[in-house]
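> The structure that follows is given in the form of structure tokens.
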Amino acid sequence: MTAQMRSCVGPVDFPAISDFLYDLYQSNNRDGNWFQPIWEYAYTHPWFDEEAVPRIGIWEEAGAMVAVTLYELRLGEAFFQIHPAYVHLKPEMLAYAEQHLTGTTGQGKRYLKAYVNDSDTAFEHVLRSRGYEKEPASHRPMSQFVIPDPFSPICLPDGFRLKSLADDNDLAKIDRVLWRGFNHPGEPPADGPKDRKKMQSGPHFRKDLAIVVEAHNGAFVAFGGLWFDPVNRFGYVEPVATDPDYRRMGLGTAAVLEGIRRCGEIGATVAYVGTDMPFYLAMGFKKLFTLNCWIRCFSSD
């Protein structure tokens, strides 16, 4: 029997893809497959293109999922999640992505960004043969933090304190720190809290692991989101932001470390983050690998 491809059926397939990703996990994320929290965070993100979900391709054999080709937030990107016994499907998965997951530039040109582990030389050869080129600006590093026991004390400047969303889930204050923390101009739009509520709608979102730093005036000025994988027992950091008026004070670091510390208390021994920014390396993360971005622009049909 050979694996058969079918289209994703939105909410019906969300838990099935989650279970598939749980089963794929390898220590140190050696194969570069997504963690379940990456899938859940993307699926509940307000920028996630829900209308394109049927374009996600699922391969099954004997009723069991063996591979998934999907985008993270929008068309134009392709990530390949695959059981190690089915790596021979990768060229077929890439061809599927070229047919169903391409995006369109402002000039009307079709393109695809394909993300591949930097150790996967065989798949890189396939990409080159199909006209893809590396786009370093879009690469996705993965870094790991080994959780110490005991955990060192987390210190804040006077006038600030750590809280979780289980203590204070003020959606407007959450929206403002994330809006400003990601360098958007001005004040956030009025409907922003609705988006923040959607981001908390995933079945594994935990308010007690989403940490904020509160200033003396009651404003949230830093945010550290942590996810806990209950099957493989690790933490995943996403999202993190600090208000520009409060940067370089150690507030974002404190929020992230407090979330990691709490993950450690419930059984995690490591935490991951999808970047190798100096901010994370300085707090103890070590880079593991990079999902390289390969891009191809297609001729007009």
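By order of appearance in the structure tokens: chains A, B, ..., then residues from 1 within every chain, and ligands from 1 in the order shown.
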Quick check for you: according to DSSP on this backbone, which residues of segment 160-246 of chain A are classed as strand (DSSP E)? Reply as a PyMOL selection string.

chain A and resi 161-164+210-214+220-229+234-242

> Neighbours of Asp149 of chain A within 12 Å (only C-alpha atoms; same-chain residues fewer than 2 positions away dropped), as a ChimeraX atom specification?

/A:146-147,151-153,260-265,267-270

> Which residues are close to segment 241-244 of chain A, i.e. within 8 Å by only C-alpha atoms, leaving aside same-chain residues fewer than 6 positions away? Reply as a list in words.

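Contacts, in chain order: Val177, Leu178, Arg180, Gly181, Phe182, Asn183, Val221, Ala222, Phe223, Gly224, Leu251 and Gly252 of chain A.
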
> Please produce an output containing C-alpha atoms for each residue in the selection, written as a PDB file, in the first residue's frame.


ATOM      1  CA  VAL A 177       2.283  45.545  25.003  1.00  0.00           C
ATOM      2  CA  LEU A 178       2.302  43.154  22.038  1.00  0.00           C
ATOM      3  CA  ARG A 180       4.071  48.238  20.849  1.00  0.00           C
ATOM      4  CA  GLY A 181       6.514  45.427  21.503  1.00  0.00           C
ATOM      5  CA  PHE A 182       6.414  44.405  17.846  1.00  0.00           C
ATOM      6  CA  ASN A 183       7.126  48.006  16.843  1.00  0.00           C
ATOM      7  CA  VAL A 221       5.373  46.436  29.610  1.00  0.00           C
ATOM      8  CA  ALA A 222       6.823  43.012  28.715  1.00  0.00           C
ATOM      9  CA  PHE A 223       5.261  39.714  27.663  1.00  0.00           C
ATOM     10  CA  GLY A 224       6.690  36.205  27.567  1.00  0.00           C
ATOM     11  CA  LEU A 251      12.121  42.863  31.699  1.00  0.00           C
ATOM     12  CA  GLY A 252      11.642  40.663  28.633  1.00  0.00           C
TER      13      GLY A 252
END

> Rank nothing, just name the residue among A:Leu162, A:Ala62, A:Ile295, A:Leu24 nearest to Pro84 of chain A, using only C-alpha atoms.

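So, comparing all the options, the nearest one is A:Leu24.
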
> Using only C-alpha atoms, can you tell me which of A:Ala122, A:Ala219, A:Val231, A:Val273 comes closest to Ile38 of chain A?

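Under the stated criterion, the closest residue is A:Val273.
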
> Go through segment 42-155 of chain A residue by residue and, counting only C-alpha atoms, keep those with an atom at most 10 Å from segment 13-17 of chain A; for each kept residue give the shortest atom pair and its distance in Å to one decimal, ordered by chain and increasing number, as a tab-separated table.


residue	atom	partner	partner_atom	distance
A:Tyr43	CA	A:Phe14	CA	8.5
A:Ile58	CA	A:Ile17	CA	8.8
A:Ala64	CA	A:Ala16	CA	9.5
A:Met65	CA	A:Ile17	CA	8.0
A:Val66	CA	A:Ile17	CA	10.0
A:Ala67	CA	A:Ile17	CA	9.3
A:Val68	CA	A:Ile17	CA	8.0
A:Gln81	CA	A:Ile17	CA	9.6

> Would you save the residues from that selection as a CSV table (one decimal), in the first residue's frame, using N, CA and C atoms?


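Contents of out17.csv, as written:
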chain,number,residue,atom,x,y,z
A,43,TYR,N,-2.2,28.2,14.2
A,43,TYR,CA,-3.7,28.0,13.9
A,43,TYR,C,-4.6,28.9,14.7
A,58,ILE,N,-2.4,16.4,3.4
A,58,ILE,CA,-2.2,15.3,4.4
A,58,ILE,C,-2.0,14.0,3.7
A,64,ALA,N,-3.4,6.0,8.9
A,64,ALA,CA,-2.4,6.7,9.8
A,64,ALA,C,-1.8,7.8,9.0
A,65,MET,N,-1.7,9.0,9.7
A,65,MET,CA,-1.0,10.1,9.1
A,65,MET,C,0.5,9.9,9.0
A,66,VAL,N,1.1,10.2,7.9
A,66,VAL,CA,2.5,10.0,7.7
A,66,VAL,C,3.2,11.2,7.3
A,67,ALA,N,2.5,12.2,6.8
A,67,ALA,CA,3.2,13.4,6.3
A,67,ALA,C,2.1,14.6,6.2
A,68,VAL,N,2.6,15.8,6.4
A,68,VAL,CA,1.7,17.0,6.2
A,68,VAL,C,2.5,18.1,5.5
A,81,GLN,N,6.2,18.3,7.3
A,81,GLN,CA,6.2,17.5,8.5
A,81,GLN,C,6.1,16.0,8.1

> Between A:Leu94, A:Met199, A:Cys8, A:Met277, which residue has the minimum interatomic distance to His45 of chain A, considering only C-alpha atoms?

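Closest candidate: A:Met199.
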
> Could you give me, as an MDAnalysis selection string, the residues within 7 Å of segment 204-211 of chain A, counting only C-alpha atoms and dropping anything in the same chain fewer than 4 positions from it?

chainID A and resid 162:166 200 223:227 255 259 262

> Could the residues in this selection be saved with all heavy atoms as a short mmCIF file (atom, residue, chain, number, x, y, z; two decimals), in the first residue's frame?


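part-v8.cif written:
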data_model
loop_
_atom_site.label_atom_id
_atom_site.label_comp_id
_atom_site.auth_asym_id
_atom_site.auth_seq_id
_atom_site.Cartn_x
_atom_site.Cartn_y
_atom_site.Cartn_z
N LEU A 162 6.30 40.50 38.29
CA LEU A 162 5.88 39.45 37.36
C LEU A 162 4.49 38.96 37.72
O LEU A 162 4.17 38.76 38.90
CB LEU A 162 6.86 38.27 37.43
CG LEU A 162 8.27 38.51 36.88
CD1 LEU A 162 9.20 37.40 37.34
CD2 LEU A 162 8.24 38.59 35.36
N LYS A 163 3.67 38.77 36.69
CA LYS A 163 2.33 38.21 36.85
C LYS A 163 2.09 37.26 35.70
O LYS A 163 2.73 37.35 34.65
CB LYS A 163 1.26 39.31 36.84
CG LYS A 163 1.41 40.36 37.91
CD LYS A 163 0.44 41.52 37.70
CE LYS A 163 -1.01 41.13 37.94
NZ LYS A 163 -1.91 42.32 37.88
N SER A 164 1.14 36.37 35.85
CA SER A 164 0.69 35.55 34.73
C SER A 164 -0.71 35.99 34.32
O SER A 164 -1.39 36.73 35.05
CB SER A 164 0.69 34.07 35.11
OG SER A 164 -0.45 33.76 35.90
N LEU A 165 -1.13 35.53 33.16
CA LEU A 165 -2.49 35.86 32.73
C LEU A 165 -3.53 35.16 33.58
O LEU A 165 -4.70 35.54 33.56
CB LEU A 165 -2.67 35.51 31.25
CG LEU A 165 -1.74 36.22 30.28
CD1 LEU A 165 -2.21 36.01 28.84
CD2 LEU A 165 -1.60 37.71 30.58
N ALA A 166 -3.11 34.16 34.34
CA ALA A 166 -4.03 33.56 35.31
C ALA A 166 -4.32 34.53 36.45
O ALA A 166 -5.38 34.47 37.08
CB ALA A 166 -3.45 32.26 35.87
N GLN A 200 -5.81 32.93 22.62
CA GLN A 200 -5.93 32.11 23.83
C GLN A 200 -6.93 30.97 23.66
O GLN A 200 -7.26 30.29 24.63
CB GLN A 200 -6.35 32.99 25.01
CG GLN A 200 -5.36 34.08 25.37
CD GLN A 200 -5.79 34.91 26.56
OE1 GLN A 200 -6.68 34.53 27.32
NE2 GLN A 200 -5.17 36.07 26.75
N PHE A 223 6.10 40.92 27.78
CA PHE A 223 5.26 39.71 27.66
C PHE A 223 6.14 38.55 27.25
O PHE A 223 6.95 38.66 26.32
CB PHE A 223 4.17 39.94 26.61
CG PHE A 223 3.18 38.81 26.49
CD1 PHE A 223 1.94 38.90 27.09
CD2 PHE A 223 3.48 37.66 25.77
CE1 PHE A 223 1.01 37.86 26.99
CE2 PHE A 223 2.57 36.61 25.67
CZ PHE A 223 1.33 36.72 26.29
N GLY A 224 5.99 37.43 27.94
CA GLY A 224 6.69 36.21 27.57
C GLY A 224 5.70 35.06 27.50
O GLY A 224 5.20 34.61 28.54
N GLY A 225 5.40 34.59 26.30
CA GLY A 225 4.46 33.48 26.13
C GLY A 225 5.18 32.14 26.18
O GLY A 225 6.19 31.95 25.50
N LEU A 226 4.70 31.22 26.98
CA LEU A 226 5.27 29.86 27.06
C LEU A 226 4.18 28.85 26.81
O LEU A 226 3.04 28.99 27.30
CB LEU A 226 5.90 29.62 28.42
CG LEU A 226 7.42 29.81 28.56
CD1 LEU A 226 8.19 28.76 27.78
CD2 LEU A 226 7.84 31.21 28.17
N TRP A 227 4.53 27.84 26.05
CA TRP A 227 3.67 26.69 25.80
C TRP A 227 4.33 25.47 26.41
O TRP A 227 5.55 25.34 26.38
CB TRP A 227 3.47 26.48 24.30
CG TRP A 227 2.81 27.62 23.61
CD1 TRP A 227 3.38 28.82 23.27
CD2 TRP A 227 1.46 27.68 23.19
NE1 TRP A 227 2.45 29.62 22.66
CE2 TRP A 227 1.27 28.95 22.59
CE3 TRP A 227 0.38 26.80 23.25
CZ2 TRP A 227 0.04 29.36 22.06
CZ3 TRP A 227 -0.84 27.19 22.73
CH2 TRP A 227 -1.01 28.45 22.14
N ALA A 255 10.50 37.89 32.00
CA ALA A 255 9.22 37.26 31.64
C ALA A 255 9.44 35.88 31.02
O ALA A 255 8.75 34.91 31.35
CB ALA A 255 8.45 38.17 30.68
N GLY A 259 8.47 32.08 32.73
CA GLY A 259 7.67 31.08 32.05
C GLY A 259 8.40 29.75 31.94
O GLY A 259 7.82 28.69 32.15
N ARG A 262 8.43 27.99 35.27
CA ARG A 262 7.16 27.33 35.56
C ARG A 262 7.00 26.04 34.75
O ARG A 262 6.44 25.06 35.25
CB ARG A 262 6.00 28.28 35.27
CG ARG A 262 5.96 29.48 36.21
CD ARG A 262 4.73 30.33 35.99
NE ARG A 262 4.71 31.48 36.88
CZ ARG A 262 3.61 32.10 37.27
NH1 ARG A 262 2.41 31.69 36.84
NH2 ARG A 262 3.67 33.15 38.07
#

> Nearest to Ile154 of chain A: which of A:Gly250, A:Pro37, A:Pro54, A:Pro230 is it, counting only C-alpha atoms?

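Nearest candidate to Ile154 of chain A out of A:Gly250, A:Pro37, A:Pro54, A:Pro230: A:Gly250.
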
> How many Å separate atom CA of Gln99 of chain A from atom CA of Gln36 of chain A?

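Going from atom CA of Gln99 of chain A over to atom CA of Gln36 of chain A covers 25.5 Å.
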
> To one decimal in Å, tell me the separation between atom CA of Arg74 of chain A and atom CA of Tyr111 of chain A.

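Spanning atom CA of Arg74 of chain A to atom CA of Tyr111 of chain A is a straight-line distance of 12.3 Å.
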
> With only C-alpha atoms as the basis for distance, which of A:Glu238, A:Glu51, A:Glu98, A:Asp229 is at the shortest distance from Tyr22 of chain A?

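Looking at the shortest contact to Tyr22 of chain A, the residue is A:Asp229.
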
> When you count only C-alpha atoms, which of these residues is closest to Asp158 of chain A: A:Ser299, A:Leu291, A:Ala215, A:Pro136?

A:Ala215

> Looking only at the backbone, which of the residues in segment 55-177 of chain A does DSSP tag as helix (DSSP H, G or I), as number ranges by chain?

A: 55, 84-100, 121-129, 136-138, 171-177

> Which distance in Å separates atom CA of Gly159 of chain A and atom CA of Gly218 of chain A, to one decimal?

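Separation of atom CA of Gly159 of chain A and atom CA of Gly218 of chain A: 10.1 Å.
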